[in-house]
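Here is my_file15.csv, consisting of CSV, C-alpha atoms and all ligand atoms:
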chain,number,residue,atom,x,y,z
A,12,MET,CA,-17.7,-19.9,69.9
A,13,LEU,CA,-20.6,-21.9,68.5
A,14,VAL,CA,-21.8,-20.5,65.1
A,15,VAL,CA,-24.9,-22.1,63.8
A,16,LEU,CA,-25.8,-21.7,60.2
A,17,SER,CA,-29.3,-22.4,58.9
A,18,SER,CA,-30.8,-22.0,55.5
A,19,PRO,CA,-33.5,-23.8,53.5
A,20,SER,CA,-32.2,-26.8,51.6
A,21,GLY,CA,-30.1,-25.6,48.7
A,22,GLY,CA,-29.6,-22.3,50.4
A,23,GLY,CA,-25.9,-22.5,50.4
A,24,LYS,CA,-24.9,-23.4,54.0
A,25,THR,CA,-22.8,-26.4,53.2
A,26,VAL,CA,-20.6,-24.7,50.5
A,27,THR,CA,-20.3,-21.7,52.8
A,28,THR,CA,-19.1,-23.8,55.6
A,29,LYS,CA,-16.6,-25.6,53.3
A,30,LEU,CA,-15.1,-22.3,52.2
A,31,LEU,CA,-14.9,-20.9,55.8
A,32,LEU,CA,-13.1,-24.0,56.9
A,33,LYS,CA,-10.6,-23.8,54.0
A,34,LYS,CA,-9.8,-20.2,54.8
A,35,HIS,CA,-9.7,-20.7,58.6
A,36,PRO,CA,-7.8,-23.6,60.1
A,37,GLU,CA,-8.8,-22.3,63.5
A,38,PHE,CA,-12.5,-23.2,62.7
A,39,ALA,CA,-13.9,-26.7,62.9
A,40,ARG,CA,-17.3,-28.1,61.8
A,41,SER,CA,-19.6,-30.3,63.8
A,42,ILE,CA,-20.3,-33.5,61.9
A,43,SER,CA,-23.9,-34.6,62.6
A,44,VAL,CA,-25.3,-38.1,62.9
A,45,THR,CA,-28.1,-38.9,60.5
A,46,THR,CA,-30.4,-41.7,59.4
A,47,ARG,CA,-30.7,-40.2,56.0
A,48,LYS,CA,-29.4,-42.2,53.0
A,49,LYS,CA,-25.9,-41.2,51.9
A,50,ARG,CA,-25.9,-39.1,48.7
A,51,ARG,CA,-23.5,-39.5,45.8
A,52,ARG,CA,-20.2,-37.9,46.7
A,53,GLU,CA,-21.0,-37.9,50.4
A,54,LYS,CA,-18.6,-39.7,52.7
A,55,ASN,CA,-19.3,-41.3,56.1
A,56,GLY,CA,-17.4,-39.4,58.8
A,57,ARG,CA,-16.8,-36.4,56.5
A,58,ASP,CA,-20.3,-35.2,55.6
A,59,TYR,CA,-22.3,-37.0,58.3
A,60,TYR,CA,-22.1,-40.1,60.4
A,61,PHE,CA,-24.6,-42.3,58.7
A,62,VAL,CA,-26.5,-44.7,61.0
A,63,ASN,CA,-29.7,-46.7,61.0
A,64,GLN,CA,-32.8,-45.8,63.0
A,65,LYS,CA,-31.9,-48.3,65.7
A,66,GLU,CA,-28.5,-46.9,66.2
A,67,PHE,CA,-29.9,-43.4,66.3
A,68,ARG,CA,-32.5,-44.3,68.9
A,69,SER,CA,-29.8,-45.9,71.1
A,70,LYS,CA,-27.7,-42.7,70.9
A,71,ILE,CA,-30.8,-40.7,72.1
A,72,LYS,CA,-31.3,-43.1,75.0
A,73,LYS,CA,-27.6,-42.9,76.0
A,74,GLY,CA,-27.9,-39.1,76.0
A,75,GLU,CA,-25.3,-38.6,73.4
A,76,PHE,CA,-26.9,-35.6,71.6
A,77,ILE,CA,-27.1,-32.0,72.6
A,78,GLU,CA,-30.0,-31.8,70.2
A,79,TRP,CA,-31.7,-33.9,67.6
A,80,ALA,CA,-34.6,-33.4,65.3
A,81,LYS,CA,-36.6,-35.1,62.6
A,82,VAL,CA,-36.2,-33.3,59.3
A,83,PHE,CA,-37.9,-34.5,56.1
A,84,GLY,CA,-38.6,-37.9,57.7
A,85,ASP,CA,-35.0,-38.6,58.8
A,86,TYR,CA,-33.3,-38.0,62.1
A,87,TYR,CA,-30.4,-35.7,62.5
A,88,GLY,CA,-28.4,-35.1,65.7
A,89,THR,CA,-25.5,-33.2,67.1
A,90,ALA,CA,-23.2,-35.2,69.4
A,91,ILE,CA,-22.2,-33.6,72.7
A,92,GLU,CA,-18.8,-35.1,71.9
A,93,ASN,CA,-18.4,-32.7,68.9
A,94,ILE,CA,-18.6,-29.7,71.2
A,95,ARG,CA,-16.2,-31.3,73.8
A,96,LYS,CA,-13.7,-32.1,71.2
A,97,ALA,CA,-13.6,-28.5,69.9
A,98,GLU,CA,-13.4,-26.9,73.3
A,99,GLY,CA,-10.0,-25.4,74.0
A,100,LYS,CA,-8.7,-26.5,70.6
A,101,LYS,CA,-10.6,-24.6,68.0
A,102,GLU,CA,-11.8,-21.0,68.1
A,103,VAL,CA,-15.0,-21.5,66.3
A,104,LEU,CA,-17.2,-24.5,65.9
A,105,ILE,CA,-19.6,-24.3,62.9
A,106,LEU,CA,-22.9,-26.2,63.1
A,107,THR,CA,-25.2,-26.5,60.1
A,108,LEU,CA,-28.6,-27.2,61.6
A,109,ASP,CA,-32.3,-26.9,60.8
A,110,VAL,CA,-34.3,-24.3,62.8
A,111,GLN,CA,-35.3,-26.7,65.5
A,112,GLY,CA,-31.7,-27.6,66.1
A,113,ALA,CA,-30.5,-24.0,66.0
A,114,LEU,CA,-33.0,-22.8,68.6
A,115,SER,CA,-32.3,-25.7,71.0
A,116,VAL,CA,-28.6,-25.0,70.8
A,117,LYS,CA,-29.3,-21.3,71.6
A,118,ARG,CA,-31.4,-22.4,74.6
A,119,LYS,CA,-28.5,-24.5,75.9
A,120,TYR,CA,-25.7,-22.2,74.9
A,121,PRO,CA,-27.1,-18.6,74.9
A,122,GLN,CA,-23.8,-17.2,73.7
A,123,SER,CA,-24.0,-19.2,70.5
A,124,VAL,CA,-24.4,-17.1,67.3
A,125,LEU,CA,-27.3,-18.0,65.0
A,126,ILE,CA,-27.0,-17.0,61.4
A,127,PHE,CA,-29.8,-17.5,58.9
A,128,ILE,CA,-28.9,-17.5,55.2
A,129,LEU,CA,-31.8,-16.6,52.9
A,130,PRO,CA,-31.9,-17.5,49.2
A,131,PRO,CA,-32.0,-14.5,46.8
A,132,SER,CA,-35.5,-15.7,45.8
A,133,LEU,CA,-37.7,-18.8,46.0
A,134,ARG,CA,-37.3,-19.3,42.2
A,135,GLU,CA,-33.5,-19.4,42.6
A,136,LEU,CA,-33.8,-21.8,45.5
A,137,LYS,CA,-35.8,-24.2,43.4
A,138,LYS,CA,-33.3,-23.9,40.6
A,139,ARG,CA,-30.5,-24.7,43.0
A,140,LEU,CA,-32.3,-27.8,44.3
A,141,VAL,CA,-32.9,-29.1,40.8
A,142,ARG,CA,-29.4,-28.3,39.7
A,143,ARG,CA,-28.0,-30.1,42.7
A,144,ASN,CA,-29.6,-33.3,41.4
A,145,THR,CA,-29.4,-35.1,44.7
A,146,ASP,CA,-33.2,-35.4,45.4
A,147,ARG,CA,-36.2,-36.9,43.7
A,148,PRO,CA,-38.8,-34.4,42.3
A,149,GLU,CA,-41.3,-35.2,45.1
A,150,THR,CA,-38.5,-34.6,47.7
A,151,ILE,CA,-37.6,-31.3,46.1
A,152,LYS,CA,-41.3,-30.3,46.3
A,153,MET,CA,-41.4,-31.3,50.0
A,154,ARG,CA,-38.2,-29.4,50.7
A,155,LEU,CA,-39.4,-26.3,49.0
A,156,LYS,CA,-42.7,-26.3,51.0
A,157,PHE,CA,-40.7,-26.8,54.2
A,158,SER,CA,-38.4,-23.9,53.2
A,159,LEU,CA,-41.2,-21.4,53.5
A,160,LYS,CA,-41.9,-22.6,57.0
A,161,GLU,CA,-38.2,-22.5,57.9
A,162,ILE,CA,-37.8,-19.0,56.5
A,163,GLY,CA,-40.5,-17.8,58.9
A,164,PHE,CA,-38.2,-18.6,61.8
A,165,CYS,CA,-35.3,-16.4,60.6
A,166,LYS,CA,-36.6,-13.6,62.9
A,167,LYS,CA,-35.4,-15.6,65.9
A,168,TYR,CA,-31.8,-15.6,64.6
A,169,ASP,CA,-29.1,-13.2,65.6
A,170,TYR,CA,-28.2,-12.4,62.0
A,171,VAL,CA,-29.8,-12.8,58.7
A,172,MET,CA,-28.3,-12.4,55.3
A,173,VAL,CA,-29.1,-13.1,51.6
A,174,ASN,CA,-27.0,-15.5,49.6
A,175,ASP,CA,-26.3,-13.3,46.6
A,176,SER,CA,-22.8,-14.5,46.3
A,177,LEU,CA,-20.7,-17.0,48.1
A,178,LYS,CA,-17.8,-14.6,48.6
A,179,GLY,CA,-20.2,-12.0,49.9
A,180,ILE,CA,-21.7,-14.2,52.6
A,181,VAL,CA,-18.4,-15.7,53.6
A,182,GLY,CA,-17.1,-12.2,54.1
A,183,LEU,CA,-20.1,-11.2,56.2
A,184,ILE,CA,-19.8,-14.3,58.4
A,185,GLU,CA,-16.1,-13.6,59.0
A,186,LYS,CA,-17.0,-10.0,60.1
A,187,ILE,CA,-19.7,-11.3,62.4
A,188,ILE,CA,-17.3,-13.7,64.0
A,189,ILE,CA,-14.8,-10.9,64.6
A,190,ALA,CA,-17.5,-8.6,66.1
A,191,GLU,CA,-18.8,-11.5,68.3
A,192,LYS,CA,-15.3,-12.2,69.6
A,193,HIS,CA,-15.2,-8.6,70.9
A,194,LYS,CA,-18.6,-8.7,72.6
A,195,THR,CA,-18.2,-7.5,76.1
A,196,GLU,CA,-19.7,-10.5,77.8
A,197,ARG,CA,-17.4,-12.9,75.9
A,198,THR,CA,-14.2,-11.1,76.5
A,199,VAL,CA,-14.3,-8.5,79.3
A,200,ASP,CA,-13.2,-10.8,82.2
A,201,PHE,CA,-10.2,-12.1,80.3
A,202,LEU,CA,-9.1,-8.6,79.2
A,203,LEU,CA,-9.5,-7.1,82.7
A,204,LYS,CA,-7.5,-9.9,84.2
A,205,ARG,CA,-4.7,-9.2,81.7
A,206,LEU,CA,-4.7,-5.6,82.8
A,207,SER,CA,-4.1,-6.3,86.5
B,301,LIG,P1,-29.6,-32.5,54.3
B,301,LIG,O1,-30.3,-33.8,54.3
B,301,LIG,O2,-29.9,-31.6,53.2
B,301,LIG,O3,-28.1,-32.7,54.5
B,301,LIG,O4,-30.0,-31.7,55.7
B,301,LIG,C1,-31.4,-31.5,55.9
B,301,LIG,C2,-31.5,-30.5,57.1
B,301,LIG,O5,-31.0,-31.0,58.3
B,301,LIG,C3,-30.7,-29.2,56.9
B,301,LIG,O6,-31.5,-28.1,57.2
B,301,LIG,C4,-29.5,-29.4,57.8
B,301,LIG,O7,-29.0,-28.2,58.2
B,301,LIG,C5,-30.2,-30.1,59.0
B,301,LIG,N1,-29.3,-30.8,59.9
B,301,LIG,C6,-28.1,-31.4,59.6
B,301,LIG,N2,-27.5,-31.9,60.7
B,301,LIG,C7,-28.4,-31.6,61.7
B,301,LIG,C8,-28.3,-31.8,63.1
B,301,LIG,O8,-27.4,-32.4,63.7
B,301,LIG,N3,-29.4,-31.4,63.8
B,301,LIG,C9,-30.4,-30.7,63.3
B,301,LIG,N4,-31.4,-30.3,64.1
B,301,LIG,N5,-30.5,-30.5,61.9
B,301,LIG,C10,-29.5,-30.9,61.2
Would you kindly transcribe this structure into structure tokens?
Ligand code: 5GP
Amino acid sequence: MLVVLSSPSGGGKTVTTKLLLKKHPEFARSISVTTRKKRRREKNGRDYYFVNQKEFRSKIKKGEFIEWAKVFGDYYGTAIENIRKAEGKKEVLILTLDVQGALSVKRKYPQSVLIFILPPSLRELKKRLVRRNTDRPETIKMRLKFSLKEIGFCKKYDYVMVNDSLKGIVGLIEKIIIAEKHKTERTVDFLLKRLS
């Protein structure tokens, strides 16, 4: 099952994903490729695969991505290999993508589950971005402006939730995954085969 999490920058999707992975060894995360500069505390191969623009373009040419997008002036892409690697091994693959990426994954994999995490308020979102201390003030301003645009897309998602508490949204996502596993179209053939 592909579970795509989106939220505005600072909306909490990274920390949510970390907690989900810690609680569920049967879940995996898709590590994206990006041309963005590595932030303090980020590690190549753990947070992202950091490449330069030339390398990214070459990957596009070779058809290595299921989707890629330009976000805040940098390129981000999901390697097809990430999905192949998880297939048959992990129950759930979590992808943290912007709205463009999420919608193109949905087009290619209609059974994927799109979850949008809203901040409690725009004021709180700004506070989190400032507290995170990873971006320059002009970048924060740009990210906030972009957030409003992104939030407009949440209606296209399968689920939407407010990040009031980390524990709360992790619990909700776990419940969604359980419910999705029992969706008729996902499971009926397997269950009927077992009956006969
Ligand atoms: P950040 O620079 O804060 O890590 O990420 C910026 C935005 O890019 C976030 O919305 C994040 O979810 C998104 N993003 C990260 N990886 C990918 C990807 O592979 N594809 C797409 N379309 N967006 C991504």
Kindly provide, as a PyMOL selection string, all nucleotide and amino acid residues lying within 10 Å of ligand LIG 301 (chain B), counting all atoms listed in the file.
chain A and resi 15-22+24-25+41-50+53+58-60+76-90+106-116+140+145-146+154+157-158+161
Once you count all atoms listed in the file, which residues end up no further than 6 Å from (-15.8, -20.1, 66.0) in the file's frame, shown as a PDB file with C-alpha atoms, in the frame of the given file?
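That gives us point27.pdb:
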ATOM      1  CA  MET A  12     -17.700 -19.900  69.900  1.00  0.00           C
ATOM      2  CA  LEU A  13     -20.600 -21.900  68.500  1.00  0.00           C
ATOM      3  CA  PHE A  38     -12.500 -23.200  62.700  1.00  0.00           C
ATOM      4  CA  GLU A 102     -11.800 -21.000  68.100  1.00  0.00           C
ATOM      5  CA  VAL A 103     -15.000 -21.500  66.300  1.00  0.00           C
ATOM      6  CA  LEU A 104     -17.200 -24.500  65.900  1.00  0.00           C
TER       7      LEU A 104
END
Interatomic distance, CA of Ile126 in chain A to CA of Gly74 in chain A (Å, one decimal):
26.5 Å
Kindly give the distance, in Å, that separates CA of Met172 in chain A and CA of Phe127 in chain A, rounded to a single decimal.
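Going from CA of Met172 in chain A over to CA of Phe127 in chain A covers 6.4 Å.
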CA of Ser176 in chain A to CA of Met153 in chain A, straight-line distance in Å
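Taking CA of Met153 in chain A as the start and CA of Ser176 in chain A as the end point, the length is 25.3 Å.
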Given the choices A:Ile91, A:Lys100, A:Arg51, A:Leu129, which gets closest to Lys70 in chain A if the distance is worked out from only C-alpha atoms?
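Distance minimum relative to Lys70 in chain A lands on A:Ile91.
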For Ile94 in chain A, which residue out of A:Glu149, A:Glu75, A:Glu37, A:Glu196 is the nearest one, using all atoms listed in the file?
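Selected residue with least distance to Ile94 in chain A: A:Glu75.
Using all atoms listed in the file, the shortest contact distance between Asn93 in chain A and any of A:Ile188, A:Ile105, A:Val199, A:Leu30 is found at A:Ile105.
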